[in-house]
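Content type CSV, C-alpha atoms and all ligand atoms, from the file query17.csv:
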chain,number,residue,atom,x,y,z
Q,1,MET,CA,9.4,204.4,131.4
Q,2,SER,CA,10.0,207.8,129.8
Q,3,ILE,CA,7.4,210.5,129.5
Q,4,HIS,CA,7.5,210.0,125.7
Q,5,MET,CA,6.7,206.3,126.2
Q,6,LYS,CA,3.8,207.1,128.5
Q,7,ARG,CA,2.4,209.7,126.2
Q,8,SER,CA,2.8,207.4,123.2
Q,9,LEU,CA,1.1,204.5,125.1
Q,10,LEU,CA,-1.8,206.8,126.0
Q,11,ALA,CA,-2.1,208.0,122.5
Q,12,GLY,CA,-2.0,204.4,121.3
Q,13,VAL,CA,-4.8,203.4,123.7
Q,14,PHE,CA,-6.8,206.4,122.6
Q,15,VAL,CA,-6.5,205.5,118.9
Q,16,ALA,CA,-7.1,201.8,119.6
Q,17,LEU,CA,-10.3,202.7,121.4
Q,18,ALA,CA,-11.3,205.0,118.6
Q,19,LEU,CA,-10.7,202.2,116.0
Q,20,CYS,CA,-12.7,199.7,118.2
Q,21,ILE,CA,-15.6,202.2,118.2
Q,22,VAL,CA,-15.2,202.6,114.4
Q,23,VAL,CA,-15.3,198.8,113.9
Q,24,LEU,CA,-18.2,198.3,116.3
Q,25,VAL,CA,-20.2,201.1,114.7
Q,26,SER,CA,-19.6,199.9,111.2
Q,27,GLY,CA,-20.1,196.3,112.3
Q,28,THR,CA,-23.4,196.6,114.1
Q,29,HIS,CA,-25.0,199.4,112.1
Q,30,ARG,CA,-24.2,198.3,108.5
Q,31,GLY,CA,-26.8,199.9,106.3
Q,32,ALA,CA,-28.3,202.0,109.1
Q,33,SER,CA,-28.5,205.7,109.0
Q,34,LEU,CA,-25.3,206.4,110.8
Q,35,PRO,CA,-22.6,208.0,108.6
Q,36,GLU,CA,-20.1,205.6,107.2
Q,37,VAL,CA,-16.8,205.8,109.2
Q,38,THR,CA,-13.8,205.0,107.0
Q,39,ILE,CA,-10.1,204.6,107.5
Q,40,GLY,CA,-7.7,205.5,104.8
Q,41,GLY,CA,-8.0,207.5,101.6
Q,42,PRO,CA,-6.0,209.1,98.8
Q,43,PHE,CA,-2.7,210.7,99.5
Q,44,SER,CA,0.0,212.5,97.5
Q,45,LEU,CA,3.3,212.5,99.3
Q,46,VAL,CA,7.1,212.6,98.6
Q,47,ASP,CA,9.4,209.6,98.8
Q,48,GLY,CA,13.0,209.3,99.9
Q,49,ALA,CA,14.2,210.1,96.3
Q,50,GLY,CA,12.1,213.3,96.2
Q,51,LYS,CA,9.5,211.7,93.9
Q,52,THR,CA,5.8,212.5,94.3
Q,53,VAL,CA,4.0,209.3,95.2
Q,54,SER,CA,0.3,208.7,95.5
Q,55,ASP,CA,-1.8,205.9,97.0
Q,56,ARG,CA,-2.5,204.8,93.4
Q,57,ASP,CA,1.2,204.0,92.8
Q,58,PHE,CA,0.8,201.2,95.3
Q,59,ARG,CA,-2.2,199.5,93.6
Q,60,GLY,CA,-1.6,195.7,93.3
Q,61,LYS,CA,0.5,195.6,96.5
Q,62,PHE,CA,-0.5,195.1,100.1
Q,63,LEU,CA,0.8,198.0,102.3
Q,64,LEU,CA,2.1,197.6,105.8
Q,65,MET,CA,1.8,201.2,106.8
Q,66,TYR,CA,3.0,203.0,109.9
Q,67,PHE,CA,3.1,206.6,111.0
Q,68,GLY,CA,5.9,208.0,113.1
Q,69,TYR,CA,9.1,210.1,112.9
Q,70,THR,CA,12.8,209.6,112.5
Q,71,HIS,CA,13.7,211.4,115.8
Q,72,CYS,CA,11.5,208.9,117.8
Q,73,PRO,CA,13.7,207.4,120.5
Q,74,ASP,CA,11.9,204.1,121.0
Q,75,VAL,CA,8.5,203.2,119.6
Q,76,CYS,CA,9.1,203.9,115.9
Q,77,PRO,CA,12.5,202.1,115.5
Q,78,THR,CA,11.1,199.1,117.5
Q,79,THR,CA,8.0,198.9,115.4
Q,80,LEU,CA,9.8,199.3,112.1
Q,81,GLY,CA,12.3,196.6,113.2
Q,82,ALA,CA,9.3,194.3,113.9
Q,83,MET,CA,7.9,195.1,110.5
Q,84,ALA,CA,11.2,194.2,108.8
Q,85,GLU,CA,11.3,190.9,110.7
Q,86,ALA,CA,7.8,190.1,109.7
Q,87,MET,CA,8.7,190.8,106.1
Q,88,ASP,CA,11.6,188.3,106.5
Q,89,LYS,CA,9.2,185.7,107.9
Q,90,LEU,CA,6.7,185.9,105.0
Q,91,PRO,CA,6.9,183.0,102.5
Q,92,PRO,CA,9.5,184.1,99.9
Q,93,ALA,CA,6.9,184.0,97.1
Q,94,ASP,CA,4.7,186.5,99.0
Q,95,ARG,CA,7.4,189.0,100.1
Q,96,GLY,CA,7.2,191.0,96.8
Q,97,ARG,CA,3.5,191.5,97.3
Q,98,VAL,CA,3.9,193.6,100.5
Q,99,VAL,CA,5.4,197.1,100.7
Q,100,PRO,CA,6.3,198.4,104.2
Q,101,VAL,CA,5.6,202.2,104.3
Q,102,PHE,CA,6.7,204.7,106.9
Q,103,ILE,CA,4.9,208.0,106.8
Q,104,THR,CA,6.3,210.8,109.0
Q,105,VAL,CA,4.2,212.9,111.4
Q,106,ASP,CA,7.2,215.3,111.6
Q,107,PRO,CA,7.5,216.7,108.1
Q,108,GLN,CA,9.4,219.7,109.5
Q,109,ARG,CA,12.5,217.6,110.2
Q,110,ASP,CA,11.8,214.5,108.1
Q,111,THR,CA,12.8,215.8,104.6
Q,112,PRO,CA,12.7,213.3,101.7
Q,113,SER,CA,16.4,212.5,102.1
Q,114,VAL,CA,16.2,212.2,105.9
Q,115,ILE,CA,13.3,209.7,105.8
Q,116,GLY,CA,14.8,207.9,102.8
Q,117,THR,CA,18.1,207.3,104.6
Q,118,TYR,CA,16.2,206.3,107.7
Q,119,VAL,CA,14.0,203.6,106.2
Q,120,ARG,CA,16.8,202.1,104.2
Q,121,ALA,CA,18.3,200.9,107.5
Q,122,PHE,CA,15.2,198.6,107.9
Q,123,GLY,CA,15.4,197.1,104.5
Q,124,PRO,CA,15.6,198.0,100.8
Q,125,GLU,CA,11.8,197.3,100.3
Q,126,PHE,CA,10.8,200.1,102.8
Q,127,VAL,CA,9.3,203.3,101.5
Q,128,GLY,CA,9.6,206.5,103.5
Q,129,LEU,CA,7.0,209.2,102.8
Q,130,THR,CA,6.9,212.9,103.8
Q,131,GLY,CA,5.3,216.0,102.4
Q,132,SER,CA,3.9,219.4,103.1
Q,133,THR,CA,2.3,220.0,106.5
Q,134,ALA,CA,-1.1,220.1,104.7
Q,135,ALA,CA,-0.5,216.8,102.9
Q,136,ILE,CA,0.7,215.0,106.0
Q,137,GLY,CA,-2.2,216.5,108.0
Q,138,LYS,CA,-4.6,215.1,105.4
Q,139,ALA,CA,-3.1,211.6,105.6
Q,140,GLU,CA,-3.2,211.7,109.5
Q,141,ARG,CA,-6.9,212.7,109.4
Q,142,GLU,CA,-7.7,209.9,106.9
Q,143,TYR,CA,-6.0,207.3,109.0
Q,144,ARG,CA,-7.2,208.7,112.4
Q,145,VAL,CA,-3.6,209.2,113.5
Q,146,TYR,CA,-3.0,211.1,116.7
Q,147,ALA,CA,0.2,213.3,116.5
Q,148,GLN,CA,1.0,216.2,118.7
Q,149,LYS,CA,4.3,218.1,119.1
Q,150,HIS,CA,5.6,218.7,122.6
Q,151,ALA,CA,8.5,220.9,123.5
Q,152,LEU,CA,11.7,219.5,125.1
Q,153,ASP,CA,14.7,221.4,126.5
Q,154,GLN,CA,16.8,223.8,124.3
Q,155,GLY,CA,14.2,224.3,121.7
Q,156,ASP,CA,14.1,220.7,120.8
Q,157,TYR,CA,10.8,218.8,120.5
Q,158,ALA,CA,9.3,215.4,120.3
Q,159,MET,CA,6.1,214.1,118.6
Q,160,ASP,CA,3.6,212.2,120.7
Q,161,HIS,CA,1.8,209.9,118.3
Q,162,SER,CA,-0.4,206.9,118.0
Q,163,SER,CA,1.2,203.6,117.1
Q,164,VAL,CA,-0.7,201.1,115.1
Q,165,ILE,CA,0.2,199.3,111.8
Q,166,TYR,CA,-2.3,199.6,109.0
Q,167,VAL,CA,-2.8,196.9,106.4
Q,168,ILE,CA,-4.0,198.2,103.0
Q,169,ARG,CA,-5.3,195.8,100.3
Q,170,PRO,CA,-4.0,195.8,96.7
Q,171,ASP,CA,-7.2,197.6,95.7
Q,172,GLY,CA,-6.3,200.5,98.0
Q,173,GLN,CA,-8.8,199.7,100.7
Q,174,PHE,CA,-7.9,199.6,104.4
Q,175,VAL,CA,-8.4,196.1,105.7
Q,176,ALA,CA,-7.0,195.8,109.3
Q,177,VAL,CA,-4.9,197.3,112.0
Q,178,LEU,CA,-2.2,195.3,113.7
Q,179,ASP,CA,-0.9,196.0,117.2
Q,180,ASP,CA,2.6,197.5,117.2
Q,181,GLN,CA,3.5,195.0,120.0
Q,182,MET,CA,2.6,192.0,117.9
Q,183,PRO,CA,5.6,189.6,117.5
Q,184,PRO,CA,6.9,189.5,114.0
Q,185,ALA,CA,6.0,185.9,113.4
Q,186,LYS,CA,2.4,186.6,114.3
Q,187,MET,CA,2.5,189.7,112.1
Q,188,ALA,CA,3.6,187.6,109.2
Q,189,GLN,CA,0.8,185.1,110.0
Q,190,ALA,CA,-1.8,187.9,110.1
Q,191,LEU,CA,-0.7,189.1,106.7
Q,192,VAL,CA,-1.0,185.6,105.2
Q,193,LYS,CA,-4.5,185.3,106.7
Q,194,LEU,CA,-5.4,188.6,105.2
Q,195,GLY,CA,-4.6,187.1,101.8
Q,196,VAL,CA,-1.0,188.2,101.1
Q,201,NI,NI,7.6,207.2,117.6

Translate this file's structure into C-alpha cells.
Ligand code: NI
Amino acid sequence: MSIHMKRSLLAGVFVALALCIVVLVSGTHRGASLPEVTIGGPFSLVDGAGKTVSDRDFRGKFLLMYFGYTHCPDVCPTTLGAMAEAMDKLPPADRGRVVPVFITVDPQRDTPSVIGTYVRAFGPEFVGLTGSTAAIGKAEREYRVYAQKHALDQGDYAMDHSSVIYVIRPDGQFVAVLDDQMPPAKMAQALVKLGV
C-alpha cells in the first residue's frame, strides 16, 4: 500500500469519525442548546466549460458529490468509476434525476478544461467543478472535507484527502454520506432508498 493510500485512508477514517460525531450530536441533542452542525452549503464554482455554476443550478436533482483531484493515482479514479457504475445500475427512469459531481481539492492544477476532460471519461452526465482557492476552500469547509498538500520528488505534489460520497437532495439539503468502498449495486440501491 502506497503512502498516498495510507494517508488517504487515515484521512477517510478521520472524516468518517467526524461525520459520525456530527450525526450522533445532531441525532441525540435535537432541539438542545448545542449549536447545529451542518454539512453542505452554497457554492459558486466553475464547470468544465468555464461556466460559473452554483448549488442553485442543481435544484430539482439529486447530487452524488465527491471531492478529489485529477492527479490522484488511485482512490479518486476508483471512486468515480464506482459512481459511474452505480449510475448505470439505477432504474433508467431515475438516471436523469441524479447528477454525479466531482469537485477538485487541487484547483491549482485542475483548471476548468482539465477537470472537464477528466470527468467526461466517466460519463457524459458527470460535472467537474473547480474554482478559486477561496471558493474551493469554502466548499471544503462546508462539506467537512479534509485536504492537505504534501510534497513529492522534483517539485511535484500530491493531495491527501478524505474520501466519502455525499448525497444532496433536490432541495439542496445534504441527506447522506456513502462509503467510497460501497459496491456500485449497493450505491444504486442506497440512492433508490433515499428517494431517487
Ligand atoms: Ni484521490

When you look at range 176-193 of chain Q with a cut-off of 7 Å (counting all atoms listed in the file), what residues show up, excluding the ones that are within fewer than 4 positions of it in the same chain? I need them as a list in words. Thr79, Ala82, Met83, Glu85, Ala86, Met87, Lys89, Leu90, Ser163, Val164, Ile165, Tyr166 and Val167 of chain Q

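Proximity to Tyr157 in chain Q at 12 Å, evaluated using only C-alpha atoms and with sequence-adjacent residues fewer than 5 positions away removed, yields Q:His4, Q:Tyr69, Q:His71, Q:Cys72, Q:Pro73, Q:Asp106, Q:Gln108, Q:Arg109, Q:Gln148, Q:Lys149, Q:His150, Q:Ala151, Q:Leu152.
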
Skipping near chain neighbours, those fewer than 2 positions away, what residues fall within 8 Å of Phe62 in chain Q using all atoms listed in the file, listed as a PyMOL selection string? chain Q and resi 58+60+64+97-99+167-170+196

Protein and nucleic residues near ligand NI 201 (chain Q), 10 Å, all atoms listed in the file, as JSON, numbers by chain: {"Q": [4, 5, 8, 66, 67, 68, 69, 70, 71, 72, 73, 74, 75, 76, 77, 78, 79, 80, 104, 105, 147, 158, 159, 160, 161, 162, 163]}

Excluding same-chain residues fewer than 5 positions from range 130-132 of chain Q, what lies within 12 Å of it counting all atoms listed in the file, as JSON, numbers by chain? {"Q": [43, 44, 45, 46, 47, 48, 49, 50, 51, 52, 53, 54, 67, 68, 69, 70, 101, 102, 103, 104, 105, 106, 107, 108, 109, 110, 111, 112, 113, 114, 115, 116, 119, 137, 138, 139, 140]}

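What separates CA of Arg120 in chain Q from CA of Asp94 in chain Q is a distance of 20.4 Å.
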
Can you work out the spacing between CA of Pro100 in chain Q and CA of Glu125 in chain Q in Å, to one decimal? 6.8 Å

Rounded to one decimal, what separation in Å do you get between CA of Gly81 in chain Q and CA of Phe122 in chain Q?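 A separation of 6.4 Å between them.
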
Restricting the calculation to only C-alpha atoms: of Q:Asp88, Q:Met65, Q:Asp153, Q:Arg144, which residue gets closest to Ile39 in chain Q?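 Closest to Ile39 in chain Q of all the choices is Q:Arg144.
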
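Nearest to Val37 in chain Q of all the residues Q:Glu142, Q:Ala121, Q:Leu194, Q:Gln154 is Q:Glu142, counting all atoms listed in the file.
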